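This is my_file_15.txt. It holds compact mmCIF, C-alpha atoms.
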# COMPACT_ATOMS: atom_id res chain seq x y z
CA MET K 1 -12.59 -24.87 41.41
CA ALA K 2 -11.99 -27.52 38.78
CA ILE K 3 -14.37 -25.87 36.31
CA GLY K 4 -12.66 -22.47 36.55
CA PHE K 5 -9.23 -24.00 36.11
CA ALA K 6 -10.41 -26.09 33.16
CA ILE K 7 -11.92 -23.02 31.47
CA VAL K 8 -8.74 -20.95 31.92
CA LEU K 9 -6.56 -23.82 30.75
CA THR K 10 -8.74 -24.41 27.68
CA VAL K 11 -8.74 -20.70 26.80
CA GLY K 12 -4.94 -20.59 27.27
CA ILE K 13 -4.44 -23.57 24.97
CA ILE K 14 -6.86 -22.17 22.37
CA LEU K 15 -5.00 -18.83 22.39
CA LEU K 16 -1.67 -20.61 21.97
CA LEU K 17 -3.10 -22.62 19.06
CA VAL K 18 -4.49 -19.45 17.50
CA ILE K 19 -1.02 -17.87 17.72
CA ILE K 20 0.64 -20.93 16.13
CA ILE K 21 -1.99 -21.29 13.38
CA GLY K 22 -2.05 -17.52 12.79
CA TRP K 23 1.73 -17.52 12.53
CA PHE K 24 1.67 -20.27 9.91
CA VAL K 25 -1.20 -18.68 7.98
CA GLY K 26 0.91 -15.49 7.97
CA ILE K 27 3.89 -17.42 6.59
CA TYR K 28 1.70 -19.03 3.92
CA ASN K 29 0.20 -15.70 2.90
CA GLY K 30 3.66 -14.11 2.96
CA LEU K 31 5.07 -16.74 0.60
CA VAL K 32 2.12 -16.40 -1.77
CA ARG K 33 2.62 -12.63 -1.73
CA LEU K 34 6.34 -13.04 -2.43
CA LYS K 35 5.65 -15.37 -5.33
CA ASN K 36 3.14 -12.87 -6.73
CA ASN K 37 5.63 -10.04 -6.25
CA ILE K 38 8.04 -11.91 -8.49
CA LYS K 39 5.36 -12.46 -11.14
CA LYS K 40 4.32 -8.82 -10.96
CA SER K 41 7.85 -7.47 -11.09
CA TRP K 42 8.59 -9.71 -14.08
CA ALA K 43 5.45 -8.45 -15.81
CA ASN K 44 6.66 -4.89 -15.15
CA ILE K 45 9.97 -5.73 -16.86
CA ASP K 46 8.14 -7.37 -19.75
CA VAL K 47 6.13 -4.21 -20.42
CA LEU K 48 9.33 -2.19 -20.76
CA LEU K 49 11.02 -4.83 -22.93
CA LYS K 50 8.04 -4.59 -25.29
CA GLN K 51 8.10 -0.77 -25.24
CA ARG K 52 11.80 -0.77 -26.09
CA SER K 53 11.33 -3.30 -28.91
CA ASP K 54 8.56 -1.10 -30.33
CA GLU K 55 10.88 1.90 -30.46
CA LEU K 56 13.67 0.07 -32.30
CA PRO K 57 12.29 0.10 -35.87
CA LYS K 58 11.88 3.90 -35.59
CA LEU K 59 15.43 4.20 -34.27
CA ILE K 60 16.89 2.08 -37.08
CA ALA K 61 14.91 4.05 -39.68
CA SER K 62 16.25 7.32 -38.29
CA VAL K 63 19.91 6.27 -38.31
CA LYS K 64 20.00 4.17 -41.50
CA GLY K 65 20.64 7.10 -43.80
CA TYR K 66 23.55 8.43 -41.74
CA MET K 67 25.29 5.21 -40.72
CA LYS K 68 25.73 3.44 -44.03
CA HIS K 69 29.12 2.14 -42.97
CA GLU K 70 27.89 0.72 -39.66
CA LYS K 71 25.83 -2.13 -41.08
CA GLY K 72 27.26 -4.49 -38.47
CA VAL K 73 25.89 -2.50 -35.57
CA LEU K 74 22.44 -2.17 -37.15
CA THR K 75 22.32 -5.87 -38.00
CA GLU K 76 23.19 -6.67 -34.38
CA ILE K 77 20.24 -4.61 -33.19
CA THR K 78 17.85 -6.20 -35.68
CA LYS K 79 19.06 -9.67 -34.67
CA ALA K 80 18.75 -8.89 -30.97
CA ARG K 81 15.27 -7.49 -31.50
CA SER K 82 14.07 -10.63 -33.31
CA ALA K 83 15.65 -12.74 -30.56
CA MET K 84 13.69 -10.70 -28.03
CA MET K 85 10.41 -11.03 -29.97
CA ASN K 86 10.83 -14.81 -30.27
CA ALA K 87 12.13 -15.35 -26.73
CA LYS K 88 10.03 -17.60 -24.54
CA GLY K 89 10.58 -17.77 -20.84
CA LYS K 90 12.61 -15.61 -18.48
CA ALA K 91 16.04 -17.04 -19.25
CA GLU K 92 15.69 -16.51 -23.02
CA LYS K 93 14.29 -13.02 -22.53
CA ALA K 94 17.10 -12.12 -20.14
CA LYS K 95 19.64 -13.34 -22.71
CA ALA K 96 18.00 -11.42 -25.55
CA ASP K 97 17.76 -8.34 -23.34
CA ASN K 98 21.46 -8.50 -22.57
CA MET K 99 22.20 -8.80 -26.30
CA LEU K 100 19.98 -5.85 -27.16
CA THR K 101 21.35 -3.67 -24.37
CA GLY K 102 24.88 -4.35 -25.65
CA ALA K 103 23.92 -3.62 -29.26
CA LEU K 104 22.22 -0.35 -28.31
CA LYS K 105 25.24 0.72 -26.28
CA SER K 106 27.41 0.16 -29.36
CA LEU K 107 24.98 2.07 -31.57
CA PHE K 108 24.86 5.11 -29.27
CA ALA K 109 28.64 5.03 -28.87
CA VAL K 110 29.21 4.86 -32.65
CA ALA K 111 26.61 7.63 -33.18
CA GLU K 112 29.07 9.99 -31.50
CA ASN K 113 31.12 9.82 -34.75
CA TYR K 114 28.24 11.26 -36.79
CA PRO K 115 27.68 14.95 -35.96
CA GLN K 116 24.85 15.22 -38.50
CA LEU K 117 23.03 12.38 -36.80
CA LYS K 118 23.59 14.00 -33.40
CA ALA K 119 21.93 17.11 -34.81
CA ASN K 120 18.87 15.15 -35.90
CA GLU K 121 16.07 15.96 -33.45
CA ASN K 122 14.18 12.76 -34.15
CA PHE K 123 17.24 10.63 -33.36
CA MET K 124 17.97 12.59 -30.18
CA GLN K 125 14.38 12.11 -29.00
CA LEU K 126 14.49 8.39 -29.70
CA GLN K 127 17.87 8.07 -28.00
CA SER K 128 16.60 9.85 -24.92
CA ARG K 129 13.41 7.74 -24.89
CA ILE K 130 15.34 4.48 -25.23
CA THR K 131 17.92 5.54 -22.64
CA GLY K 132 15.00 6.36 -20.30
CA ILE K 133 13.52 2.89 -20.85
CA GLU K 134 16.96 1.33 -20.30
CA ASN K 135 17.30 3.15 -16.97
CA GLU K 136 13.84 2.08 -15.89
CA LEU K 137 14.66 -1.46 -16.98
CA ALA K 138 17.81 -1.42 -14.85
CA ASP K 139 15.76 -0.34 -11.79
CA ARG K 140 13.07 -2.90 -12.40
CA ARG K 141 15.69 -5.62 -12.93
CA GLU K 142 17.14 -4.69 -9.56
CA PHE K 143 13.65 -4.74 -8.03
CA TYR K 144 12.95 -8.13 -9.60
CA ASN K 145 16.23 -9.52 -8.28
CA ASP K 146 15.47 -8.13 -4.81
CA SER K 147 12.05 -9.82 -4.92
CA VAL K 148 13.62 -13.11 -6.01
CA ASN K 149 16.34 -12.82 -3.40
CA THR K 150 13.86 -12.18 -0.57
CA TYR K 151 11.79 -15.13 -1.75
CA ASN K 152 14.76 -17.49 -2.17
CA ILE K 153 16.05 -16.69 1.32
CA LYS K 154 12.59 -17.01 2.88
CA ILE K 155 11.80 -20.45 1.46
CA HIS K 156 14.98 -21.85 3.04
CA GLN K 157 14.39 -20.34 6.48
CA ILE K 158 12.72 -22.15 9.38
CA PRO K 159 9.71 -22.24 9.75
CA ALA K 160 8.87 -20.97 6.23
CA VAL K 161 10.78 -23.92 4.71
CA PHE K 162 8.05 -26.36 5.91
CA VAL K 163 5.28 -24.34 4.26
CA ALA K 164 7.40 -23.84 1.10
CA ASN K 165 8.00 -27.60 0.85
CA MET K 166 4.31 -28.27 1.31
CA LEU K 167 3.52 -25.85 -1.52
CA GLY K 168 6.33 -27.23 -3.68
CA TYR K 169 7.97 -23.82 -3.97
CA LYS K 170 11.43 -23.90 -5.54
CA ASP K 171 14.19 -21.30 -5.97
CA GLU K 172 13.48 -18.66 -8.62
CA GLU K 173 16.11 -17.52 -11.11
CA LEU K 174 17.71 -14.10 -10.90
CA PHE K 175 17.75 -11.79 -13.92
CA LYS K 176 21.50 -11.73 -14.53
CA ALA K 177 23.45 -9.29 -16.63
CA GLU K 178 26.15 -11.16 -18.52
CA GLY K 179 29.75 -10.20 -17.92
CA LYS K 180 30.05 -8.85 -21.46
CA ASP K 181 27.23 -6.36 -20.81
CA ARG K 182 28.85 -4.93 -17.72
CA GLU K 183 31.92 -3.91 -19.72
CA ASP K 184 32.25 -0.46 -21.25
CA VAL K 185 31.81 -0.26 -25.00
CA LYS K 186 35.06 0.34 -26.85
CA VAL K 187 34.75 2.99 -29.51
CA GLU K 188 37.34 3.04 -32.24
CA PHE K 189 37.92 6.26 -34.13
CA MET X 1 -7.47 -1.87 46.51
CA ALA X 2 -11.14 -2.84 46.93
CA SER X 3 -12.16 -6.15 45.44
CA THR X 4 -14.77 -4.41 43.21
CA ASP X 5 -11.95 -2.30 41.80
CA LEU X 6 -9.97 -5.44 41.06
CA LEU X 7 -12.93 -6.95 39.25
CA VAL X 8 -13.26 -3.84 37.12
CA TRP X 9 -9.54 -4.03 36.35
CA ALA X 10 -9.90 -7.71 35.46
CA VAL X 11 -12.64 -6.88 32.93
CA ILE X 12 -10.58 -4.01 31.53
CA GLY X 13 -7.55 -6.35 31.34
CA LEU X 14 -9.58 -8.98 29.52
CA LEU X 15 -10.87 -6.47 26.95
CA ALA X 16 -7.43 -4.86 26.56
CA GLY X 17 -6.01 -8.37 26.07
CA VAL X 18 -8.49 -9.09 23.26
CA TRP X 19 -7.58 -5.78 21.59
CA LEU X 20 -3.83 -6.36 22.00
CA PHE X 21 -4.14 -9.92 20.70
CA ILE X 22 -5.95 -8.80 17.52
CA GLN X 23 -3.57 -5.87 17.13
CA GLY X 24 -0.64 -8.30 17.46
CA PHE X 25 -1.79 -10.08 14.30
CA ILE X 26 -2.26 -6.76 12.48
CA TRP X 27 1.31 -5.76 13.46
CA LEU X 28 2.56 -9.18 12.35
CA ARG X 29 0.97 -8.68 8.94
CA GLN X 30 2.48 -5.21 8.61
CA LYS X 31 5.90 -6.49 9.64
CA ARG X 32 5.78 -9.23 7.01
CA MET X 33 4.64 -6.75 4.38
CA ILE X 34 7.56 -4.40 5.12
CA GLU X 35 9.98 -7.34 5.09
CA ASN X 36 8.64 -8.77 1.84
CA ILE X 37 8.34 -5.69 -0.36
CA PRO X 38 11.61 -4.55 -1.95
CA THR X 39 12.36 -0.85 -2.20
CA SER X 40 11.44 0.75 -5.52
CA LYS X 41 13.26 3.57 -7.24
CA ILE X 42 10.95 6.48 -8.00
CA ARG X 43 11.91 6.52 -11.69
CA SER X 44 10.61 2.99 -12.21
CA LEU X 45 7.64 2.90 -9.85
CA ALA X 46 4.98 0.44 -10.90
CA MET X 47 1.31 0.63 -9.90
CA GLY X 48 0.32 -1.20 -6.74
CA LEU X 49 1.76 -1.49 -3.25
CA VAL X 50 5.25 0.04 -3.16
CA GLU X 51 7.96 0.85 -0.68
CA ILE X 52 10.16 3.89 -1.26
CA LYS X 53 12.95 5.62 0.64
CA ALA X 54 13.09 9.26 -0.31
CA LYS X 55 13.50 12.80 0.95
CA ALA X 56 10.54 15.11 1.49
CA PHE X 57 10.83 17.80 -1.17
CA LYS X 58 8.11 20.42 -1.69
CA PRO X 59 4.33 20.79 -1.43
CA LEU X 60 2.02 20.36 -4.40
CA LYS X 61 0.74 23.91 -3.80
CA GLN X 62 1.75 25.86 -0.70
CA PHE X 63 3.69 25.06 2.44
CA LEU X 64 1.82 24.71 5.72
CA ILE X 65 2.89 26.84 8.66
CA SER X 66 3.24 24.92 11.91
CA PRO X 67 1.13 26.44 14.72
CA PHE X 68 3.70 26.56 17.54
CA GLN X 69 7.00 27.29 15.78
CA GLY X 70 5.72 28.95 12.63
CA LYS X 71 7.94 26.73 10.50
CA LYS X 72 7.26 25.95 6.85
CA CYS X 73 6.26 22.30 6.68
CA LEU X 74 4.45 19.60 4.72
CA TRP X 75 2.58 18.06 7.65
CA TYR X 76 2.08 18.96 11.27
CA LYS X 77 0.38 17.63 14.35
CA TYR X 78 0.07 19.29 17.71
CA THR X 79 -1.19 18.42 21.16
CA ILE X 80 -1.97 20.60 24.15
CA GLU X 81 -2.03 18.68 27.43
CA GLU X 82 -2.98 19.76 30.91
CA TYR X 83 -1.27 18.46 34.03
CA HIS X 84 -3.53 16.76 36.57
CA LYS X 85 -2.64 15.48 39.98
CA THR X 86 -4.77 13.15 42.06
CA GLU X 87 -4.09 11.32 45.32
CA ASP X 88 -2.95 8.18 43.49
CA SER X 89 -1.21 9.54 40.44
CA ASP X 90 -0.35 12.46 38.23
CA TYR X 91 -0.88 12.53 34.49
CA TRP X 92 -1.17 14.71 31.37
CA LYS X 93 -4.61 14.95 29.82
CA THR X 94 -4.90 15.99 26.18
CA ILE X 95 -7.24 18.95 25.95
CA LYS X 96 -6.68 19.85 22.31
CA MET X 97 -5.04 18.19 19.35
CA GLY X 98 -5.03 18.69 15.63
CA GLU X 99 -3.14 18.05 12.43
CA GLU X 100 -3.03 19.15 8.83
CA ARG X 101 -1.72 17.21 5.87
CA ILE X 102 -1.29 18.23 2.24
CA PRO X 103 -0.01 16.43 -0.88
CA PHE X 104 3.75 16.83 -1.25
CA TYR X 105 6.60 15.60 -3.42
CA VAL X 106 9.40 13.28 -2.36
CA LYS X 107 12.57 12.64 -4.31
CA ASP X 108 15.34 10.07 -4.48
CA ASN X 109 18.38 9.98 -6.77
CA THR X 110 16.23 8.88 -9.71
CA GLY X 111 13.18 11.13 -9.64
CA THR X 112 10.35 12.92 -7.88
CA VAL X 113 6.89 11.63 -7.08
CA LEU X 114 3.76 13.06 -5.49
CA VAL X 115 2.54 11.69 -2.14
CA ASP X 116 -0.96 12.28 -0.83
CA PRO X 117 -0.67 11.53 2.89
CA LYS X 118 -4.46 11.34 3.39
CA GLY X 119 -5.19 8.18 5.36
CA ALA X 120 -1.53 7.43 6.13
CA ARG X 121 -0.23 6.57 9.58
CA ILE X 122 2.50 9.14 10.00
CA GLU X 123 5.12 8.50 12.68
CA LEU X 124 7.55 11.33 13.26
CA PRO X 125 9.27 12.35 16.50
CA ILE X 126 8.39 15.41 18.56
CA ASP X 127 10.01 18.44 16.97
CA TYR X 128 9.11 20.96 19.66
CA GLU X 129 7.94 20.86 23.27
CA HIS X 130 7.16 23.68 25.68
CA ARG X 131 5.65 23.77 29.14
CA SER X 132 3.84 26.69 30.68
CA GLY X 133 3.06 26.88 34.36
CA PHE X 134 2.94 28.94 37.52
CA ARG X 135 5.69 31.40 36.57
CA ARG X 136 6.24 30.36 33.01
CA GLU X 137 4.26 31.93 30.20
CA ALA X 138 3.55 30.26 26.89
CA PRO X 139 5.38 31.97 23.97
CA LYS X 140 3.30 34.65 22.28
CA ARG X 141 2.69 32.59 19.15
CA ILE X 142 1.33 29.67 21.19
CA ALA X 143 -0.75 31.96 23.42
CA THR X 144 -2.36 33.53 20.34
CA PHE X 145 -2.98 30.11 18.82
CA CYS X 146 -4.59 28.88 22.06
CA GLN X 147 -6.80 31.94 22.16
CA LYS X 148 -8.00 31.22 18.61
CA GLN X 149 -8.68 27.61 19.56
CA ASN X 150 -10.53 28.61 22.76
CA VAL X 151 -7.98 26.92 24.98
CA LYS X 152 -7.60 28.72 28.30
CA THR X 153 -3.99 28.97 29.38
CA LYS X 154 -4.78 30.65 32.72
CA GLY X 155 -6.76 29.50 35.73
CA TRP X 156 -8.36 31.85 38.29
CA PHE X 157 -5.06 33.47 39.28
CA PHE X 158 -2.11 31.67 37.71
CA ASN X 159 -1.09 30.06 34.45
CA LYS X 160 -2.29 26.51 34.01
CA THR X 161 0.38 23.81 33.79
CA LEU X 162 0.20 22.96 30.11
CA ARG X 163 2.44 21.03 27.77
CA TYR X 164 2.57 21.91 24.07
CA ARG X 165 3.99 19.43 21.60
CA GLU X 166 4.48 19.81 17.88
CA TYR X 167 5.41 17.20 15.27
CA ILE X 168 6.34 18.40 11.80
CA LEU X 169 7.49 17.09 8.44
CA GLN X 170 9.90 19.40 6.66
CA PRO X 171 11.65 19.38 3.29
CA ASN X 172 14.79 17.20 3.29
CA ASP X 173 13.47 14.87 6.00
CA GLN X 174 14.45 11.34 4.97
CA LEU X 175 11.29 9.21 4.77
CA TYR X 176 10.32 5.58 4.61
CA ILE X 177 6.98 5.20 2.79
CA ILE X 178 4.89 2.13 2.12
CA GLY X 179 1.71 2.85 0.21
CA THR X 180 -0.12 2.33 -3.05
CA ALA X 181 1.16 3.85 -6.28
CA GLY X 182 -1.92 4.88 -8.21
CA ASP X 183 -3.01 7.42 -10.81
CA ASN X 184 -2.03 11.01 -10.19
CA PRO X 185 -5.32 12.93 -10.25
CA TYR X 186 -3.48 16.24 -10.67
CA VAL X 187 -2.27 15.39 -14.20
CA GLU X 188 -4.18 14.05 -17.17
CA ASP X 189 -3.66 10.34 -17.81
CA ALA X 190 -0.39 9.49 -19.56
CA THR X 191 0.54 13.11 -20.19
CA GLY X 192 3.52 13.14 -17.82
CA GLN X 193 6.92 13.40 -19.43
CA LYS X 194 8.26 10.74 -17.10
CA ASN X 195 6.72 7.55 -15.75
CA GLU X 196 6.56 8.93 -12.20
CA ASP X 197 4.71 12.11 -13.26
CA ASP X 198 1.53 10.08 -13.77
CA ILE X 199 1.82 8.41 -10.36
CA MET X 200 0.77 9.45 -6.88
CA ILE X 201 1.46 7.48 -3.70
CA GLN X 202 -1.79 7.19 -1.77
CA LYS X 203 -3.94 4.95 0.37
CA GLY X 204 -4.99 2.00 -1.77
CA GLU X 205 -8.54 0.87 -2.32
CA ASN X 206 -7.67 -2.78 -1.77
CA GLU X 207 -4.51 -2.48 0.30
CA LYS X 208 -5.20 -0.21 3.24
CA PHE X 209 -1.70 -0.28 4.73
CA TYR X 210 -0.23 3.19 4.29
CA TYR X 211 2.64 4.25 6.49
CA ILE X 212 5.09 7.15 6.55
CA SER X 213 8.00 7.40 8.98
CA ASP X 214 11.39 9.05 9.27
CA GLN X 215 12.89 5.93 10.86
CA PRO X 216 15.13 3.52 8.92
CA GLU X 217 13.42 0.29 7.80
CA GLU X 218 15.48 -1.81 10.23
CA ASP X 219 14.31 0.26 13.21
CA ILE X 220 10.68 0.09 12.09
CA LEU X 221 10.95 -3.70 11.75
CA SER X 222 12.67 -4.08 15.10
CA ARG X 223 9.95 -2.01 16.82
CA LEU X 224 7.23 -3.98 15.06
CA LYS X 225 8.85 -7.26 16.15
CA TRP X 226 8.53 -6.31 19.82
CA LYS X 227 5.01 -5.03 19.27
CA VAL X 228 4.06 -8.39 17.70
CA VAL X 229 5.56 -10.37 20.59
CA GLY X 230 4.01 -8.03 23.17
CA GLY X 231 0.67 -7.95 21.38
CA LEU X 232 0.28 -11.69 20.87
CA PHE X 233 1.76 -13.03 24.11
CA GLY X 234 0.97 -10.01 26.31
CA GLY X 235 -2.58 -9.92 24.97
CA ALA X 236 -3.04 -13.65 25.55
CA ALA X 237 -1.61 -13.35 29.09
CA LEU X 238 -3.90 -10.43 29.92
CA MET X 239 -6.92 -12.35 28.67
CA VAL X 240 -6.03 -15.45 30.69
CA ILE X 241 -5.29 -13.51 33.90
CA GLY X 242 -8.41 -11.33 33.54
CA LEU X 243 -10.58 -14.36 32.85
CA ALA X 244 -9.06 -16.31 35.75
CA TYR X 245 -9.84 -13.49 38.18
CA ILE X 246 -13.42 -13.08 36.90
CA LEU X 247 -13.99 -16.81 37.27
CA PHE X 248 -12.40 -16.70 40.72
CA ARG X 249 -14.82 -13.97 41.76
CA ALA X 250 -17.68 -15.98 40.30
CA GLY X 251 -16.70 -18.77 42.66
CA LEU X 252 -15.60 -21.16 39.93
CA PHE X 253 -12.05 -21.50 41.24
Can you present the structure in this file as structure tokens?
Amino acid sequence: MAIGFAIVLTVGIILLLVIIIGWFVGIYNGLVRLKNNIKKSWANIDVLLKQRSDELPKLIASVKGYMKHEKGVLTEITKARSAMMNAKGKAEKAKADNMLTGALKSLFAVAENYPQLKANENFMQLQSRITGIENELADRREFYNDSVNTYNIKIHQIPAVFVANMLGYKDEELFKAEGKDREDVKVEF
Amino acid sequence: MASTDLLVWAVIGLLAGVWLFIQGFIWLRQKRMIENIPTSKIRSLAMGLVEIKAKAFKPLKQFLISPFQGKKCLWYKYTIEEYHKTEDSDYWKTIKMGEERIPFYVKDNTGTVLVDPKGARIELPIDYEHRSGFRREAPKRIATFCQKQNVKTKGWFFNKTLRYREYILQPNDQLYIIGTAGDNPYVEDATGQKNEDDIMIQKGENEKFYYISDQPEEDILSRLKWKVVGGLFGGAALMVIGLAYILFRAGLF
């Protein structure tokens, strides 16, 4: 009788331990996956930032001839592009991206005043390409922020907080759009 | 119940417990995956495991026609079950089942992407159910289909008691999809006008989890939560009880 009971008890305890260990392994793997999601979603943003930067010289070349009186706008874009190329780390890149997005908004808004430029097929193609990248960037920024948000919440929840502390996982930064960039661009005629 | 029967049930319980226990961990992993992956917009899909919420749109080539209702659809599954009655219980036994799946497009407010449902676990509710029996004939379309499939709908004198169920996926059905975004084999590499043109959602080579449902994410997670609890604790309990009875019969208790 004692042997049977001992076997059942041992199996019961082992199963319980397997559940507890399995649960924690799941949490560990989940956190690693979340961390990797953030890295991956950042890399996906980075690819688009690079693509957009690569398109800018062509854009500037196509508008230069038409927008001789808009030197300020073009200089802004050139400055923002160099800031983007030299940016190191997420915070700097996010800042440069905000600057560039703002400058491009101004350029496309001002371009409305130049009918000849609007008739230029090359410019229209570049504008549509850059606007496409901007839209994709906005989605991927949202995706990145969702990934960061999920991760930041998870590492503060019990029981994940114990595993996160063990791994030394800290809060990740969101990719924020500055207040200035959320405003509409004012176009003066 | 005879004691031999009980022993058989104990062995079945033990094996079912092992299966449930393992399945519990698989469900736990799937639940965590769904929780941890943010929803992507189709326009900005990146390669790898993705989660999207989109509406079924159109097939890559031609619509399928569902066997029982004759509806245009993108996926269908059917079952034909026969009613059986014994002294102890009554039950429905599946005598024929089948499904057909084809690549189709889904769209959200940002774009359209191709989905190849091959290898996906598709969970959609029953769209149609009909029963035929003693004085109830199967509709003509179903009777013809059964004939083609060599399923007899009549016994010696009367109609058999059969249940016909059909599950279908139609355009405009809102879907939750978690799968792998990979190369679209139907277009040449990087020739698509938009990012999503070069992508197809499919079963991944490394990540095998591929799931399509018409339920909202919250409902899927809530169902998975109960499956995890039931699988892990129910499975463990079945194993312990089954083992205890086997040991009892072996005289070790």
request  = Considering all atoms listed in the file, return as a PyMOL selection string whatever protein or nucleic-acid residues lie within 10 Å of Ile19 of chain K, sequence-local ones (same chain, fewer than 4 positions apart) excluded.
outcome  = (chain K and resi 13-15+23-25) or (chain X and resi 21+24-25+232-233+236)
message = Would you mind listing, as a PyMOL selection string, all residues of chain X that have at least one atom within 10 Å of chain K, where all atoms listed in the file are what counts?
response = chain X and resi 21+24-25+28-29+32-33+35-49+110+194-195+232-233+235-237+239-248+250-253
inquiry  = For segment 123-138 of chain X, find every residue with an atom within 7 Å (counting all atoms listed in the file), except residues of its own chain fewer than 2 positions away, and show them as a PyMOL selection string.
reply    = chain X and resi 121+140+142-143+158-168+212-214
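Using only C-alpha atoms for every distance, the candidate list K:Thr131, K:Gln125, K:Leu174, K:Val110 yields K:Val110 as the residue closest to Lys68 of chain K.
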Considering only C-alpha atoms, return as a PDB file with C-alpha atoms, in the coordinates of the input whatever protein or nucleic-acid residues lie within 10 Å of Lys90 of chain K, sequence-local ones (same chain, fewer than 6 positions apart) excluded.
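The file below, part.pdb, is the result:
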ATOM      1  CA  TRP K  42       8.590  -9.710 -14.080  1.00  0.00           C
ATOM      2  CA  ASP K  46       8.140  -7.370 -19.750  1.00  0.00           C
ATOM      3  CA  ALA K  96      18.000 -11.420 -25.550  1.00  0.00           C
ATOM      4  CA  GLU K 173      16.110 -17.520 -11.110  1.00  0.00           C
ATOM      5  CA  LEU K 174      17.710 -14.100 -10.900  1.00  0.00           C
ATOM      6  CA  PHE K 175      17.750 -11.790 -13.920  1.00  0.00           C
TER       7      PHE K 175
END
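Taking atom CA of Lys35 of chain K and atom CA of Glu172 of chain K as the two end points, the separation is 9.1 Å.
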